[in-house]
$ cat run30.txt   # compact mmCIF, C-alpha atoms
# COMPACT_ATOMS: atom_id res chain seq x y z
CA MET A 1 4.11 -47.32 13.14
CA VAL A 2 2.88 -44.87 15.79
CA LEU A 3 6.28 -45.06 17.44
CA CYS A 4 8.06 -44.21 14.21
CA LEU A 5 5.85 -41.24 13.44
CA THR A 6 6.17 -39.97 17.02
CA ALA A 7 9.94 -40.28 16.92
CA VAL A 8 10.21 -38.46 13.60
CA CYS A 9 7.95 -35.64 14.78
CA LEU A 10 9.87 -35.31 18.04
CA LEU A 11 13.19 -35.12 16.20
CA CYS A 12 11.88 -32.60 13.70
CA GLY A 13 10.32 -30.54 16.47
CA ALA A 14 13.58 -30.50 18.37
CA LEU A 15 15.51 -29.45 15.27
CA LEU A 16 13.03 -26.64 14.57
CA GLY A 17 13.23 -25.47 18.17
CA LEU A 18 17.01 -25.32 17.96
CA VAL A 19 17.06 -23.38 14.70
CA TYR A 20 14.36 -21.02 15.96
CA ALA A 21 16.30 -20.32 19.13
CA ALA A 22 19.48 -19.79 17.16
CA THR A 23 17.98 -17.43 14.62
CA GLY A 24 15.44 -15.59 16.80
CA ASP A 25 17.77 -12.74 17.77
CA ALA A 26 19.08 -12.26 14.24
CA ILE A 27 15.54 -12.17 12.83
CA GLN A 28 14.47 -9.55 15.37
CA ALA A 29 17.58 -7.48 14.74
CA ALA A 30 16.99 -7.63 10.99
CA SER A 31 13.36 -6.56 11.22
CA LEU A 32 14.21 -3.79 13.69
CA LYS A 33 16.92 -2.56 11.34
CA ALA A 34 14.49 -2.54 8.41
CA LEU A 35 11.96 -0.62 10.52
CA GLN A 36 14.50 1.97 11.61
CA ALA A 37 15.79 2.38 8.07
CA SER A 38 12.27 3.01 6.81
CA ILE A 39 11.55 5.56 9.57
CA GLY A 40 14.79 7.37 8.77
CA GLN A 41 13.79 7.41 5.12
CA VAL A 42 10.36 8.94 5.56
CA LEU A 43 11.12 11.69 8.07
CA PRO A 44 13.31 14.82 7.91
CA GLU A 45 16.82 14.27 9.26
CA GLY A 46 18.01 15.47 12.64
CA GLY A 47 15.02 14.67 14.79
CA GLU A 48 14.99 12.31 17.74
CA ILE A 49 12.74 9.33 17.07
CA SER A 50 10.44 8.26 19.89
CA GLU A 51 9.50 4.75 20.91
CA ALA A 52 6.55 3.17 19.13
CA VAL A 53 3.21 4.64 20.20
CA THR A 54 -0.04 2.87 19.46
CA LEU A 55 -3.28 4.62 18.76
CA GLU A 56 -6.49 2.65 18.98
CA GLU A 57 -9.46 4.13 17.27
CA GLU A 58 -12.67 2.36 16.31
CA ASP A 59 -11.17 -1.16 16.34
CA GLN A 60 -8.27 -0.03 14.21
CA THR A 61 -4.78 0.13 15.61
CA PHE A 62 -2.10 2.42 14.27
CA GLU A 63 1.51 2.40 15.32
CA TYR A 64 3.46 5.60 14.97
CA TYR A 65 6.76 7.19 15.87
CA VAL A 66 7.23 10.87 16.63
CA SER A 67 10.31 12.73 15.53
CA SER A 68 11.06 15.80 17.58
CA LYS A 69 13.85 18.32 18.06
CA ASP A 70 14.12 20.80 20.97
CA GLY A 71 10.58 20.04 22.08
CA LYS A 72 9.18 20.74 18.63
CA THR A 73 7.53 18.00 16.61
CA LEU A 74 9.24 17.56 13.26
CA GLY A 75 6.94 14.88 11.94
CA TYR A 76 5.27 11.53 12.46
CA ALA A 77 6.10 8.17 10.90
CA VAL A 78 2.87 6.17 10.77
CA LYS A 79 2.79 2.47 10.06
CA SER A 80 -0.24 2.02 7.86
CA VAL A 81 -1.71 -1.35 6.84
CA VAL A 82 -4.41 -1.77 4.19
CA SER A 83 -5.41 -4.70 2.03
CA GLY A 84 -3.90 -4.51 -1.40
CA PHE A 85 -4.45 -6.70 -4.43
CA GLY A 86 -2.60 -9.79 -3.19
CA GLY A 87 -2.73 -9.38 0.58
CA PRO A 88 -1.79 -6.84 3.24
CA LEU A 89 0.16 -3.80 2.09
CA THR A 90 2.18 -2.22 4.89
CA LEU A 91 3.64 1.24 4.45
CA MET A 92 5.66 3.59 6.61
CA VAL A 93 4.32 7.06 5.90
CA GLY A 94 6.15 10.17 7.07
CA VAL A 95 3.77 13.07 7.65
CA LEU A 96 4.72 16.59 8.75
CA PRO A 97 2.53 18.28 11.40
CA ASP A 98 0.84 20.42 8.71
CA GLY A 99 -0.37 17.32 6.87
CA THR A 100 2.24 17.30 4.10
CA VAL A 101 3.46 13.81 3.22
CA TYR A 102 7.25 13.92 3.61
CA ASN A 103 7.97 10.52 2.06
CA THR A 104 6.67 6.93 2.01
CA SER A 105 8.31 3.55 2.13
CA VAL A 106 6.95 0.03 1.62
CA LEU A 107 7.55 -2.26 4.62
CA SER A 108 5.94 -5.36 3.15
CA HIS A 109 3.57 -6.27 0.36
CA SER A 110 2.35 -9.27 -1.60
CA GLU A 111 1.38 -7.53 -4.84
CA THR A 112 1.80 -9.14 -8.28
CA PRO A 113 5.48 -9.16 -9.28
CA GLY A 114 6.06 -6.94 -12.31
CA LEU A 115 2.74 -5.14 -11.85
CA GLY A 116 1.55 -4.07 -8.42
CA ALA A 117 4.97 -4.81 -6.93
CA LYS A 118 6.18 -1.73 -8.82
CA CYS A 119 4.61 0.37 -6.06
CA ALA A 120 7.90 -0.07 -4.21
CA THR A 121 10.20 0.59 -7.18
CA ASP A 122 8.49 2.54 -9.99
CA PRO A 123 10.43 5.86 -9.98
CA ALA A 124 7.51 8.08 -11.04
CA PHE A 125 5.06 6.50 -8.61
CA VAL A 126 7.47 6.59 -5.66
CA ALA A 127 8.67 10.15 -6.37
CA GLN A 128 5.22 11.71 -6.35
CA TRP A 129 4.85 11.01 -2.61
CA LYS A 130 7.88 13.11 -1.73
CA GLY A 131 6.39 16.31 -0.31
CA PHE A 132 2.82 15.52 -1.38
CA PRO A 133 1.06 18.70 -0.17
CA ALA A 134 -1.93 18.61 2.15
CA SER A 135 -3.89 20.73 -0.33
CA LYS A 136 -3.96 17.97 -2.97
CA ALA A 137 -6.56 15.20 -2.88
CA LEU A 138 -5.31 11.74 -1.83
CA LYS A 139 -7.21 9.84 -4.52
CA LEU A 140 -6.24 8.43 -7.90
CA LYS A 141 -6.69 10.76 -10.86
CA LYS A 142 -9.30 8.42 -12.30
CA ASP A 143 -11.19 8.68 -9.00
CA GLY A 144 -11.07 12.46 -9.16
CA GLY A 145 -7.93 13.06 -7.09
CA ASP A 146 -4.29 14.02 -7.73
CA VAL A 147 -2.40 10.72 -7.55
CA ASP A 148 -0.89 9.11 -10.65
CA ALA A 149 -1.59 5.36 -10.68
CA ILE A 150 0.83 2.65 -11.84
CA THR A 151 -0.08 1.36 -15.30
CA ALA A 152 -2.26 -1.77 -15.09
CA SER A 153 -2.17 -1.74 -11.27
CA THR A 154 -5.12 0.39 -10.29
CA ILE A 155 -6.06 -1.65 -7.24
CA THR A 156 -2.56 -1.56 -5.81
CA SER A 157 -2.29 2.17 -6.50
CA ARG A 158 -5.65 2.74 -4.85
CA ALA A 159 -4.61 0.72 -1.78
CA TYR A 160 -1.32 2.60 -1.54
CA THR A 161 -3.14 5.93 -1.75
CA LEU A 162 -5.58 4.78 0.91
CA ALA A 163 -2.73 3.79 3.22
CA VAL A 164 -1.21 7.25 2.84
CA ALA A 165 -4.59 8.92 3.37
CA ASN A 166 -5.11 6.88 6.56
CA ALA A 167 -1.72 7.97 7.87
CA VAL A 168 -2.52 11.60 7.10
CA ALA A 169 -5.86 11.19 8.91
CA VAL A 170 -4.05 9.79 11.96
CA VAL A 171 -1.70 12.77 12.03
CA ALA A 172 -4.59 15.22 11.62
CA PHE A 173 -6.20 13.54 14.63
CA LEU A 174 -2.97 13.69 16.65
CA GLU A 175 -2.52 17.35 15.82
CA GLY A 176 -6.07 17.96 16.99
CA LYS A 177 -7.38 19.02 13.61
CA SER A 178 -10.12 16.45 13.39
CA GLY A 179 -12.35 14.75 15.92
CA ASP A 180 -11.77 11.18 14.90
CA VAL A 181 -9.70 9.07 12.56
CA ASP A 182 -11.53 8.79 9.28
CA ALA A 183 -9.85 5.68 7.95
CA SER A 184 -10.98 2.63 6.05
CA THR A 185 -9.30 -0.74 5.79
CA GLY A 186 -8.94 -1.77 2.20
CA ALA A 187 -9.26 -1.15 -1.48
CA SER A 188 -10.03 -4.67 -2.59
CA SER A 189 -13.68 -4.46 -1.66
CA GLU A 190 -14.21 -1.30 -3.68
CA ASN A 191 -14.92 -1.45 -7.38
CA TRP A 192 -12.54 -3.58 -9.39
CA GLY A 193 -11.77 -1.11 -12.11
CA GLY A 194 -8.85 -3.04 -13.56
CA MET B 1 33.16 -41.55 -10.46
CA GLY B 2 31.43 -41.71 -13.83
CA LYS B 3 28.29 -42.94 -12.15
CA LYS B 4 28.27 -39.97 -9.79
CA ILE B 5 28.57 -37.50 -12.63
CA SER B 6 25.81 -39.22 -14.55
CA LEU B 7 23.60 -39.05 -11.46
CA ILE B 8 23.96 -35.27 -11.46
CA LEU B 9 23.61 -34.96 -15.25
CA ASP B 10 20.44 -37.05 -15.15
CA GLY B 11 18.75 -34.32 -13.16
CA PHE B 12 19.56 -31.82 -15.91
CA VAL B 13 18.43 -33.69 -18.98
CA ARG B 14 16.82 -37.12 -18.62
CA ASN B 15 15.06 -36.28 -15.34
CA ASN B 16 14.78 -32.54 -15.82
CA PRO B 17 12.03 -31.74 -13.30
CA THR B 18 10.43 -28.92 -15.28
CA PHE B 19 10.69 -29.89 -18.92
CA VAL B 20 10.61 -33.70 -18.73
CA LEU B 21 9.02 -34.80 -15.44
CA VAL B 22 6.73 -31.72 -15.47
CA LEU B 23 6.72 -31.56 -11.67
CA GLY B 24 6.56 -28.54 -9.41
CA MET B 25 4.51 -26.50 -11.84
CA CYS B 26 3.05 -24.26 -9.15
CA PRO B 27 6.33 -22.56 -8.16
CA THR B 28 7.51 -22.71 -11.77
CA LEU B 29 4.59 -20.66 -13.02
CA ALA B 30 4.27 -18.42 -9.99
CA THR B 31 7.85 -17.36 -9.29
CA THR B 32 9.43 -16.96 -12.73
CA THR B 33 8.30 -13.37 -13.28
CA SER B 34 11.96 -12.36 -13.33
CA ALA B 35 15.29 -14.12 -13.71
CA VAL B 36 16.37 -13.37 -10.13
CA ASN B 37 13.14 -14.74 -8.64
CA GLY B 38 13.47 -17.94 -10.69
CA LEU B 39 17.09 -18.38 -9.67
CA ALA B 40 16.38 -17.79 -5.98
CA MET B 41 13.40 -20.15 -5.95
CA GLY B 42 15.51 -22.81 -7.69
CA LEU B 43 18.32 -22.49 -5.16
CA ALA B 44 15.89 -22.64 -2.23
CA THR B 45 14.38 -25.82 -3.64
CA LEU B 46 17.87 -27.24 -4.24
CA PHE B 47 18.71 -26.74 -0.55
CA VAL B 48 15.56 -28.50 0.64
CA LEU B 49 15.91 -31.27 -1.95
CA VAL B 50 19.48 -32.18 -0.99
CA PHE B 51 18.81 -32.26 2.75
CA SER B 52 15.45 -34.02 2.55
CA ASN B 53 16.87 -36.62 0.12
CA MET B 54 19.74 -37.32 2.50
CA ALA B 55 17.54 -37.52 5.60
CA ILE B 56 14.95 -39.70 3.91
CA SER B 57 17.46 -42.13 2.44
CA ALA B 58 18.96 -42.48 5.94
CA ILE B 59 15.68 -43.21 7.71
CA ALA B 60 13.83 -45.03 4.90
CA PRO B 61 14.68 -48.59 6.03
CA MET B 62 13.22 -47.89 9.48
CA VAL B 63 9.96 -46.33 8.30
CA PRO B 64 6.95 -48.67 8.00
CA ASP B 65 5.28 -48.52 4.58
CA LYS B 66 1.92 -47.36 5.95
CA VAL B 67 3.25 -44.07 7.30
CA HIS B 68 6.03 -43.30 4.85
CA ILE B 69 4.26 -40.37 3.16
CA PRO B 70 3.46 -38.53 6.43
CA VAL B 71 7.01 -39.10 7.64
CA TYR B 72 8.49 -37.73 4.40
CA ILE B 73 6.24 -34.68 4.51
CA VAL B 74 7.20 -33.93 8.12
CA VAL B 75 10.89 -34.19 7.18
CA ILE B 76 10.44 -31.94 4.12
CA ALA B 77 8.37 -29.38 6.03
CA THR B 78 11.04 -29.25 8.71
CA PHE B 79 13.77 -28.41 6.23
CA VAL B 80 11.59 -25.81 4.53
CA THR B 81 10.94 -24.11 7.88
CA VAL B 82 14.65 -24.23 8.73
CA LEU B 83 15.40 -22.58 5.38
CA GLN B 84 12.73 -19.96 6.00
CA LEU B 85 14.13 -19.06 9.43
CA LEU B 86 17.70 -18.93 8.12
CA MET B 87 16.73 -16.68 5.22
CA GLN B 88 14.74 -14.39 7.50
CA ALA B 89 17.72 -14.07 9.80
CA PHE B 90 20.61 -13.71 7.38
CA VAL B 91 19.29 -12.52 4.01
CA PRO B 92 16.20 -10.47 4.93
CA SER B 93 16.20 -8.67 1.56
CA VAL B 94 15.91 -11.94 -0.39
CA TYR B 95 13.30 -13.12 2.09
CA ALA B 96 11.27 -9.97 1.50
CA THR B 97 10.77 -10.80 -2.18
CA LEU B 98 10.66 -14.58 -1.96
CA GLY B 99 9.28 -15.27 1.51
CA LEU B 100 5.82 -15.75 0.13
CA PHE B 101 6.84 -18.70 -2.01
CA ILE B 102 9.11 -20.54 0.42
CA PRO B 103 6.34 -22.41 2.29
CA LEU B 104 5.16 -23.63 -1.12
CA ILE B 105 8.26 -25.83 -1.38
CA VAL B 106 6.63 -28.22 1.10
CA VAL B 107 4.00 -29.16 -1.44
CA ASN B 108 6.41 -29.11 -4.38
CA CYS B 109 5.98 -32.50 -6.03
CA ILE B 110 9.66 -32.62 -6.99
CA VAL B 111 10.80 -32.97 -3.40
CA LEU B 112 8.30 -35.68 -2.47
CA GLY B 113 8.73 -37.22 -5.93
CA ARG B 114 12.48 -37.67 -5.54
CA ALA B 115 11.97 -39.04 -2.02
CA GLU B 116 9.57 -41.66 -3.39
CA ALA B 117 11.33 -42.45 -6.64
CA PHE B 118 14.95 -42.29 -5.58
CA ALA B 119 15.94 -41.50 -2.00
CA ASN B 120 14.10 -44.36 -0.30
CA LYS B 121 15.82 -46.93 -2.53
CA ASN B 122 19.35 -45.51 -2.63
CA GLY B 123 22.17 -44.59 -0.26
CA VAL B 124 22.78 -41.22 1.37
CA VAL B 125 25.55 -40.13 -1.02
CA ALA B 126 23.68 -41.12 -4.17
CA SER B 127 20.56 -39.39 -2.85
CA ALA B 128 22.49 -36.20 -2.12
CA LEU B 129 23.91 -36.25 -5.67
CA ASP B 130 20.45 -36.88 -7.09
CA GLY B 131 19.19 -33.92 -5.05
CA ILE B 132 21.97 -31.72 -6.40
CA GLY B 133 21.30 -32.79 -9.98
CA VAL B 134 17.54 -32.41 -9.92
CA GLY B 135 17.82 -29.21 -7.86
CA LEU B 136 20.27 -27.68 -10.34
CA GLY B 137 18.08 -28.81 -13.23
CA PHE B 138 15.13 -27.08 -11.58
CA THR B 139 17.22 -23.95 -10.88
CA VAL B 140 18.46 -23.69 -14.48
CA SER B 141 14.98 -24.30 -15.91
CA LEU B 142 13.39 -21.68 -13.67
CA THR B 143 16.12 -19.16 -14.42
CA VAL B 144 15.73 -19.66 -18.19
CA ILE B 145 11.94 -19.24 -17.97
CA GLY B 146 12.52 -16.18 -15.78
CA ILE B 147 14.98 -14.67 -18.26
CA VAL B 148 12.60 -15.12 -21.21
CA ARG B 149 9.62 -13.73 -19.29
CA GLU B 150 11.63 -10.80 -17.95
CA ILE B 151 12.93 -9.87 -21.41
CA LEU B 152 9.47 -10.02 -23.00
CA GLY B 153 7.51 -8.70 -20.04
CA SER B 154 9.75 -6.02 -18.55
CA GLY B 155 12.48 -5.44 -21.16
CA SER B 156 15.25 -6.34 -18.73
CA VAL B 157 17.54 -9.19 -17.70
CA PHE B 158 18.44 -9.79 -14.02
CA GLY B 159 17.01 -6.33 -13.32
CA TRP B 160 19.22 -4.62 -15.93
CA LYS B 161 16.81 -2.70 -18.14
CA PHE B 162 17.72 -2.43 -21.82
CA ILE B 163 14.35 -1.52 -23.33
CA ALA B 164 12.55 1.56 -22.03
CA GLY B 165 8.86 1.27 -21.25
CA ASP B 166 6.65 -1.47 -19.97
CA GLY B 167 7.15 -4.52 -22.21
CA ILE B 168 4.41 -7.03 -22.98
CA LEU B 169 2.49 -7.18 -19.71
CA ALA B 170 0.94 -10.57 -20.49
CA PHE B 171 4.33 -12.23 -20.01
CA VAL B 172 4.57 -11.00 -16.44
CA MET B 173 1.20 -12.55 -15.68
CA ALA B 174 -0.02 -16.15 -15.67
CA PRO B 175 -0.84 -16.55 -19.42
CA GLY B 176 2.72 -15.59 -20.35
CA ALA B 177 4.05 -18.15 -17.88
CA PHE B 178 2.13 -20.94 -19.63
CA LEU B 179 3.18 -19.75 -23.10
CA VAL B 180 6.89 -19.52 -22.26
CA LEU B 181 6.83 -22.84 -20.41
CA GLY B 182 5.11 -24.56 -23.36
CA TYR B 183 7.52 -23.27 -25.99
CA LEU B 184 10.60 -23.99 -23.89
CA MET B 185 9.33 -27.51 -23.17
CA ALA B 186 8.86 -28.14 -26.90
CA LEU B 187 12.33 -26.83 -27.73
CA PHE B 188 13.92 -28.83 -24.90
CA ASN B 189 12.32 -32.08 -25.98
CA LYS B 190 13.19 -31.55 -29.66
CA TYR B 191 16.87 -30.71 -29.20
CA LEU B 192 18.13 -32.01 -25.86
CA LYS B 193 16.19 -35.10 -24.88
CA LYS B 194 17.26 -38.14 -26.79
$ encode --input "run30.txt" --output "structure tokens"
Amino acid sequence: MVLCLTAVCLLCGALLGLVYAATGDAIQAASLKALQASIGQVLPEGGEISEAVTLEEEDQTFEYYVSSKDGKTLGYAVKSVVSGFGGPLTLMVGVLPDGTVYNTSVLSHSETPGLGAKCATDPAFVAQWKGFPASKALKLKKDGGDVDAITASTITSRAYTLAVANAVAVVAFLEGKSGDVDASTGASSENWGG
Amino acid sequence: MGKKISLILDGFVRNNPTFVLVLGMCPTLATTTSAVNGLAMGLATLFVLVFSNMAISAIAPMVPDKVHIPVYIVVIATFVTVLQLLMQAFVPSVYATLGLFIPLIVVNCIVLGRAEAFANKNGVVASALDGIGVGLGFTVSLTVIGIVREILGSGSVFGWKFIAGDGILAFVMAPGAFLVLGYLMALFNKYLKK
């Protein structure tokens, strides 16, 4: 009995090890490709993308990439993680040095399919982030800001907006415009306004 | 030959996992928000079902009765993890939408149910055919539920939108899943099951 269970577990473990070893490189290549594609999407073309830089601030870690050309910074791509409606929502946010959002892209999410999941596909929602000016408020319209929410997905929209706001705060810090990163971690704990 | 075909057909009609055996309700309700999701979940389950059926029918005579459930679960979990790694490596875009649901296959009653009810009493070939039949039955059922929910909930089929606007949101969410499943089950049992 013990022997049988041990043998089965050993065999299965060996099989898993083999498959993991065989697929490890391909998985890394695929995730690297997805990351690079999303950086390319959220920053102006023509810049040279730096290696990943991490910024640790008040027990929060942000990872960002700097795009520069001839010694001039074109923009920053900030990986921003917040908690959404169904789990972590990870965005790549491209921010220009003046605080304008150049574009955003969803790296991973676990929002409700057909509702919150539209944050990656809904044309109107996605388009409003292109060139979102620093002068506008990064809050939903119903919270007194300038962001249009997705119908029936307020919590996801709020989380998405927060992720962008965090990225903008990181860039403001990097550009020396503010003393510290004023970022919070999630929208789920705030009021559940439907 | 006739017996082999009837083994596969059994999985569609007499042993249809969704509409007759009413097994695997968790993935059925959770993943059928769109036709593509239903189809992909069905195919993933088909893969695991065929391989776990084959492996279990091969080792069943050697497994003592007392530990047969743990052994089956280890075997099933191994194939699910293999599938997850393969998908992550070679079809990252499918994995991005479905990755969340893949680990759920481990606890899908269909897989363990077929191991208990069929694979441990029959040969490797018959078990593989049974896996194909039940897996295809599951795939077709999930795709049909997905199509109905996508039409009513999002006004599209396989992502092709033919009605502008949002559709009936309830059908994208859990209540719609139960409604569609109930009506389809009634229709199936009235017209197809003899």
$ atom_distance --input "run30.txt" --atom1 "atom CA of Lys4 of chain B" --atom2 "atom CA of Leu129 of chain B"
7.1 Å
$ residues_around --input "run30.txt" --residues "segment 19-23 of chain A" --least-positions-apart "2" --cutoff "7 Å" --atoms "all atoms listed in the file" --output "ChimeraX atom specification"
/A:15-17,25-27 /B:82,85-86,89
$ atom_distance --input "run30.txt" --atom1 "atom CA of Met92 of chain A" --atom2 "atom CA of Thr161 of chain A"
12.4 Å
$ residues_near_point --input "run30.txt" --point "(22.3, -36.0, -8.2)" --cutoff "7 Å" --atoms "only C-alpha atoms" --output "list in words"
Leu7, Ile8, Gly11, Ala126, Ser127, Ala128, Leu129, Asp130, Gly131, Ile132, Gly133 and Val134 of chain B
$ interface_residues --input "run30.txt" --of "chain B" --to "chain A" --cutoff "8 Å" --atoms "all atoms listed in the file" --output "ChimeraX atom specification"
/B:33,62-64,66-67,70-71,74-75,78,81-82,85-86,88-90,92,96,100,154,172
$ write_last_selection --input "run30.txt" --atoms "C-alpha atoms" --output "compact mmCIF listing (two decimals), in the coordinates of the input"
# COMPACT_ATOMS: atom_id res chain seq x y z
CA THR B 33 8.30 -13.37 -13.28
CA MET B 62 13.22 -47.89 9.48
CA VAL B 63 9.96 -46.33 8.30
CA PRO B 64 6.95 -48.67 8.00
CA LYS B 66 1.92 -47.36 5.95
CA VAL B 67 3.25 -44.07 7.30
CA PRO B 70 3.46 -38.53 6.43
CA VAL B 71 7.01 -39.10 7.64
CA VAL B 74 7.20 -33.93 8.12
CA VAL B 75 10.89 -34.19 7.18
CA THR B 78 11.04 -29.25 8.71
CA THR B 81 10.94 -24.11 7.88
CA VAL B 82 14.65 -24.23 8.73
CA LEU B 85 14.13 -19.06 9.43
CA LEU B 86 17.70 -18.93 8.12
CA GLN B 88 14.74 -14.39 7.50
CA ALA B 89 17.72 -14.07 9.80
CA PHE B 90 20.61 -13.71 7.38
CA PRO B 92 16.20 -10.47 4.93
CA ALA B 96 11.27 -9.97 1.50
CA LEU B 100 5.82 -15.75 0.13
CA SER B 154 9.75 -6.02 -18.55
CA VAL B 172 4.57 -11.00 -16.44
$ atom_distance --input "run30.txt" --atom1 "atom CA of Asn166 of chain A" --atom2 "atom CA of Gly144 of chain A"
17.7 Å
$ residues_around --input "run30.txt" --residues "Ala58 of chain B" --least-positions-apart "4" --cutoff "8 Å" --atoms "all atoms listed in the file" --output "number ranges by chain"
B: 54, 123-124
$ closest_residue --input "run30.txt" --among "B:Glu116, B:Gly135, B:Asn189, B:Ile73" --to "Ser57 of chain B" --atoms "all atoms listed in the file"
B:Glu116
$ residues_around --input "run30.txt" --residues "Val82 of chain A" --least-positions-apart "2" --cutoff "12 Å" --atoms "only C-alpha atoms" --output "CSV table (one decimal) with C-alpha atoms, in the frame of the given file"
chain,number,residue,atom,x,y,z
A,60,GLN,CA,-8.3,0.0,14.2
A,61,THR,CA,-4.8,0.1,15.6
A,62,PHE,CA,-2.1,2.4,14.3
A,79,LYS,CA,2.8,2.5,10.1
A,80,SER,CA,-0.2,2.0,7.9
A,84,GLY,CA,-3.9,-4.5,-1.4
A,85,PHE,CA,-4.4,-6.7,-4.4
A,86,GLY,CA,-2.6,-9.8,-3.2
A,87,GLY,CA,-2.7,-9.4,0.6
A,88,PRO,CA,-1.8,-6.8,3.2
A,89,LEU,CA,0.2,-3.8,2.1
A,90,THR,CA,2.2,-2.2,4.9
A,91,LEU,CA,3.6,1.2,4.4
A,92,MET,CA,5.7,3.6,6.6
A,106,VAL,CA,7.0,0.0,1.6
A,107,LEU,CA,7.6,-2.3,4.6
A,108,SER,CA,5.9,-5.4,3.2
A,109,HIS,CA,3.6,-6.3,0.4
A,110,SER,CA,2.4,-9.3,-1.6
A,155,ILE,CA,-6.1,-1.6,-7.2
A,156,THR,CA,-2.6,-1.6,-5.8
A,157,SER,CA,-2.3,2.2,-6.5
A,158,ARG,CA,-5.6,2.7,-4.8
A,159,ALA,CA,-4.6,0.7,-1.8
A,160,TYR,CA,-1.3,2.6,-1.5
A,161,THR,CA,-3.1,5.9,-1.8
A,162,LEU,CA,-5.6,4.8,0.9
A,163,ALA,CA,-2.7,3.8,3.2
A,164,VAL,CA,-1.2,7.2,2.8
A,165,ALA,CA,-4.6,8.9,3.4
A,166,ASN,CA,-5.1,6.9,6.6
A,167,ALA,CA,-1.7,8.0,7.9
A,183,ALA,CA,-9.8,5.7,8.0
A,184,SER,CA,-11.0,2.6,6.0
A,185,THR,CA,-9.3,-0.7,5.8
A,186,GLY,CA,-8.9,-1.8,2.2
A,187,ALA,CA,-9.3,-1.2,-1.5
A,188,SER,CA,-10.0,-4.7,-2.6
A,189,SER,CA,-13.7,-4.5,-1.7
$ residues_near_point --input "run30.txt" --point "(16.3, -24.7, -16.5)" --cutoff "10 Å" --atoms "all atoms listed in the file" --output "MDAnalysis selection string"
chainID B and resid 12:13 16:19 38:39 42 135:146 184 188
$ closest_residue --input "run30.txt" --among "B:Val22, B:Ala174, B:Val148, B:Val48" --to "Val111 of chain B" --atoms "all atoms listed in the file"
B:Val48
$ decode --input "run30.txt" --residues "segment 106-120 of chain A" --atoms "N, CA and C atoms" --output "tab-separated table (two decimals), in the first residue's frame"
chain	number	residue	atom	x	y	z
A	106	VAL	N	-3.06	45.67	-20.36
A	106	VAL	CA	-3.30	44.73	-19.27
A	106	VAL	C	-2.35	43.55	-19.40
A	107	LEU	N	-1.55	43.30	-18.37
A	107	LEU	CA	-0.64	42.15	-18.41
A	107	LEU	C	-1.36	40.89	-17.94
A	108	SER	N	-2.11	40.99	-16.84
A	108	SER	CA	-2.87	39.84	-16.39
A	108	SER	C	-4.00	40.32	-15.50
A	109	HIS	N	-5.09	39.59	-15.50
A	109	HIS	CA	-6.21	39.96	-14.63
A	109	HIS	C	-7.03	38.71	-14.37
A	110	SER	N	-7.89	38.77	-13.34
A	110	SER	CA	-8.82	37.67	-13.13
A	110	SER	C	-10.20	38.26	-12.88
A	111	GLU	N	-10.58	39.23	-13.70
A	111	GLU	CA	-11.89	39.87	-13.55
A	111	GLU	C	-12.97	38.99	-14.17
A	112	THR	N	-14.23	39.28	-13.84
A	112	THR	CA	-15.36	38.48	-14.34
A	112	THR	C	-15.42	38.53	-15.87
A	113	PRO	N	-15.42	37.36	-16.52
A	113	PRO	CA	-15.53	37.37	-17.98
A	113	PRO	C	-16.85	38.03	-18.40
A	114	GLY	N	-16.79	38.86	-19.42
A	114	GLY	CA	-18.00	39.52	-19.91
A	114	GLY	C	-18.33	40.79	-19.18
A	115	LEU	N	-17.76	40.99	-17.98
A	115	LEU	CA	-17.99	42.24	-17.26
A	115	LEU	C	-16.67	42.96	-17.05
A	116	GLY	N	-16.03	42.69	-15.91
A	116	GLY	CA	-14.77	43.36	-15.61
A	116	GLY	C	-13.68	43.04	-16.62
A	117	ALA	N	-13.75	41.85	-17.22
A	117	ALA	CA	-12.72	41.46	-18.18
A	117	ALA	C	-12.70	42.39	-19.38
A	118	LYS	N	-13.78	43.17	-19.56
A	118	LYS	CA	-13.81	44.13	-20.67
A	118	LYS	C	-12.77	45.22	-20.51
A	119	CYS	N	-12.16	45.35	-19.31
A	119	CYS	CA	-11.17	46.40	-19.13
A	119	CYS	C	-10.01	46.23	-20.11
A	120	ALA	N	-9.82	45.01	-20.63
A	120	ALA	CA	-8.74	44.79	-21.58
A	120	ALA	C	-9.21	44.97	-23.02
